[in-house]
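Here's the structure, in structure tokens; my notes come after.
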Amino acid sequence: MTNDQPQTPHPAQTPHPAQTPHPAGTEPPGSPASGHASGPTSTSTEPPALTRSPFTSDTFTSATFVTVGSGPRIALAAVWLLTRAGMLLLLLRDDLGIGGVAREVALYEHWYGKFTAGTFPPGDATWQYPPGAGLVIMSPGVLPWLTYFQAFVALTLLADAVVTLALARADGARLTHGAWVWVCGLPLLLHLPLARYDVQTTALAVLALLALTARRTAAHQLGGALAGIGAMVKVWPALALLGTPRGRTTREAWTAAAVTAVVLLATLALFFSESLGFLRQQGDRGIQIESLGGTALALARSAGAWPGSVEFRYGALEYVGPYVSTLGHLSLLLTVAALGWLVVWRVRAHRWAPATPYDTALAAVLLFTVTSRVISPQYMIWLLGLAAVCLTSRDTVMRPVALLLLPAAALSALAYPVLYFDVIDGTPTGLAVMVLRNGLLLAAALLAARRLWTSTVAAAREE
């Protein structure tokens, strides 16, 4: 996964029918990719084993979500306007906690100047993104009557609105909650989403997933193309394709993604120099203070068992000292292990429900997030977007995972920008916030992996 730019350095319900299991390498009848209108034959979406979790009971799910409800779309629009106005006000003040959240946009504007000169940022340790990210950085140029900052925020709000509309349309008249989770969940990160380009990246992944569940070939190709563009912008949207049903849908989507990514990469390489320069910056990254490894080092330092310190390196606040390199290699090893698990899951999964592509994307991104050397608060934008997509389907098994992500997002905002000095200094308050936030993310990742496996692999064996 591509690591994000960190922040400012320290100055000092009823069950629903599921699809019939099918042999490997085939599309299930009635699936979005099969082209047939035949209905499912099974009588449950989740295997009986899942009901053992207290999170999955009808009472728990209803008590948590019915208070939000799908609601009229005018109410959704009103909440969106109110919350985004509040986020915009916080961004304009930009004095909460450590402050300086908007300075990231100034860095984007600096890179914009490089792109106008026909090159990706040469030798810039803070440029660590795939070349497609340049398109997002250059996009404010389409609004020349605004300043770069104004245009960037306007386009971010537009992408946010597109995600909201797409989720609301997917929710339809059903008792699902995807749009509400996005509209109410994103403000938990305060004004940070408006000053990062992760909303645009998340929009690509959300639209790709929603397109992949349609029946038409053109929709599968569109979903694949969007995921391919997303992968060229920030890598992780490629995981949106991992859960596509075997057969025609996978062939169409994966082919479209590969072709789109190659064409985009070739085009950018043709018009800009240093398009692959970001690869040189990734290998030297250390352990960022907000990662799980960083939390372990902070706890060890607080107990007097580790003598390291915090430094601003490669555009991030990272820990330096003994065992940091070893911990970084362990994180990479865990990321490879997560990829291996996902490959094994893909091979062994035989039961595809309508929500399986959504659930797989959320589980995969969670696994890559918790094993990363960096967990910036903007990563929560990705997770909230994918959780919202999951909740547009009544067949999803990720409801309890979505519940864990909401407090994790709020704690991320506490960590940055509100209490970032405490996080840097490793005070008891800062440690408590990071332990709780990363504990929730780890629990969400493990729960997502378990529920994905149980609903697609174990359930197929039982049937």
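Ordering of the structure tokens sets the chain letters (A, B, ...), residue numbers begin anew at 1 in every chain, and ligands are numbered from 1 in the order given.
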- Got a sec to tell me which of region 107-140 of chain A DSSP assigns to alpha helix (DSSP H), as a list in words?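 Here is the list: Leu107, Tyr108, Glu109, His110, Trp111, Tyr112, Gly113, Lys114, Phe115, Thr116, Ala133, Gly134, Leu135, Val136, Ile137 and Met138 of chain A.
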Hey, could you make a per-residue contact list for region 126-235 of chain A against region 91-110 of chain A with 8 Å as the cut-off, showing the nearest pair of atoms and its distance in Å to one decimal, counting only C-alpha atoms, sorted by chain and number, as JSON lines?
{"residue": "A:Ile137", "atom": "CA", "partner": "A:Tyr108", "partner_atom": "CA", "distance": 6.0}
{"residue": "A:Tyr148", "atom": "CA", "partner": "A:Glu109", "partner_atom": "CA", "distance": 6.6}
{"residue": "A:Phe149", "atom": "CA", "partner": "A:Val105", "partner_atom": "CA", "distance": 6.4}
{"residue": "A:Phe152", "atom": "CA", "partner": "A:Val105", "partner_atom": "CA", "distance": 7.7}
{"residue": "A:His191", "atom": "CA", "partner": "A:Leu91", "partner_atom": "CA", "distance": 5.3}
{"residue": "A:Leu192", "atom": "CA", "partner": "A:Val101", "partner_atom": "CA", "distance": 6.3}
{"residue": "A:Leu194", "atom": "CA", "partner": "A:Leu91", "partner_atom": "CA", "distance": 7.5}
{"residue": "A:Ala195", "atom": "CA", "partner": "A:Ala102", "partner_atom": "CA", "distance": 5.5}
{"residue": "A:Arg196", "atom": "CA", "partner": "A:Glu104", "partner_atom": "CA", "distance": 7.1}
- Item | Gly385 (chain A) surroundings by only C-alpha atoms, 8 Å radius, close-in-sequence under 4 positions cut, as a ChimeraX atom specification | /A:182,202-203,206,381,389
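Residues in contact range of Ala388 (chain A), defined as at most 9 Å between only C-alpha atoms, with sequence neighbours fewer than 3 positions away removed, read A:Leu167, A:His177, A:Gly178, A:Ala179, A:Trp180, A:Val181, A:Trp182, A:Val206, A:Leu383, A:Leu384, A:Gly385, A:Leu391, A:Thr392, A:Ala402.
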Produce a file of the selected residues containing C-alpha atoms, as a PDB file, in the first residue's frame.
ATOM      1  CA  LEU A 167     -24.619   5.420  -1.889  1.00  0.00           C
ATOM      2  CA  HIS A 177     -27.581   2.570   5.930  1.00  0.00           C
ATOM      3  CA  GLY A 178     -24.652   3.088   3.611  1.00  0.00           C
ATOM      4  CA  ALA A 179     -25.269   6.722   2.750  1.00  0.00           C
ATOM      5  CA  TRP A 180     -25.938   7.623   6.370  1.00  0.00           C
ATOM      6  CA  VAL A 181     -22.714   5.990   7.565  1.00  0.00           C
ATOM      7  CA  TRP A 182     -20.760   8.025   5.041  1.00  0.00           C
ATOM      8  CA  VAL A 206     -16.932   3.267  -4.104  1.00  0.00           C
ATOM      9  CA  LEU A 383     -12.463   2.470   5.541  1.00  0.00           C
ATOM     10  CA  LEU A 384     -15.580   4.566   6.124  1.00  0.00           C
ATOM     11  CA  GLY A 385     -16.271   4.633   2.401  1.00  0.00           C
ATOM     12  CA  LEU A 391     -24.100  -1.312   4.306  1.00  0.00           C
ATOM     13  CA  THR A 392     -25.929  -0.583   1.056  1.00  0.00           C
ATOM     14  CA  ALA A 402     -18.683  -0.838  10.450  1.00  0.00           C
TER      15      ALA A 402
END
- Message: Using DSSP assignments from the backbone, pull out every residue in region 152-345 of chain A that falls under strand (DSSP E) and give it to me as a PyMOL selection string.
- Response: chain A and resi 287-288+309-313+316-320
- Task: Could you give me, as a count of residues only, the residues within 10 Å of region 265-267 of chain A, counting only C-alpha atoms and dropping anything in the same chain fewer than 6 positions from it?
- Result: 8
- Please identify all polymer residues within 7 Å of Ala349 (chain A), counting only C-alpha atoms, omitting same-chain residues fewer than 3 positions from it, and present them as a PyMOL selection string. chain A and resi 345-346+456-457
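Counting only C-alpha atoms and comparing A:Leu82, A:Met398, A:Ala298, A:Leu222, the residue that lies closest to Pro187 (chain A) is A:Leu82.
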- Query: Taking into account only C-alpha atoms, which residue in the set A:Val370, A:Met434, A:Leu441, A:Leu186 is nearest to Thr83 (chain A)?
  - Reply: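 So, comparing all the options, the nearest one is A:Leu186.
Among A:Leu327, A:Ala161, A:Met138, A:Ala337, the residue with the shortest atom-to-atom distance to Arg84 (chain A), counting only C-alpha atoms, is A:Ala161.
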- Query: Interatomic distance between CA of Gly247 (chain A) and CA of Leu446 (chain A)?
  - Reply: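 So the answer is 28.3 Å.
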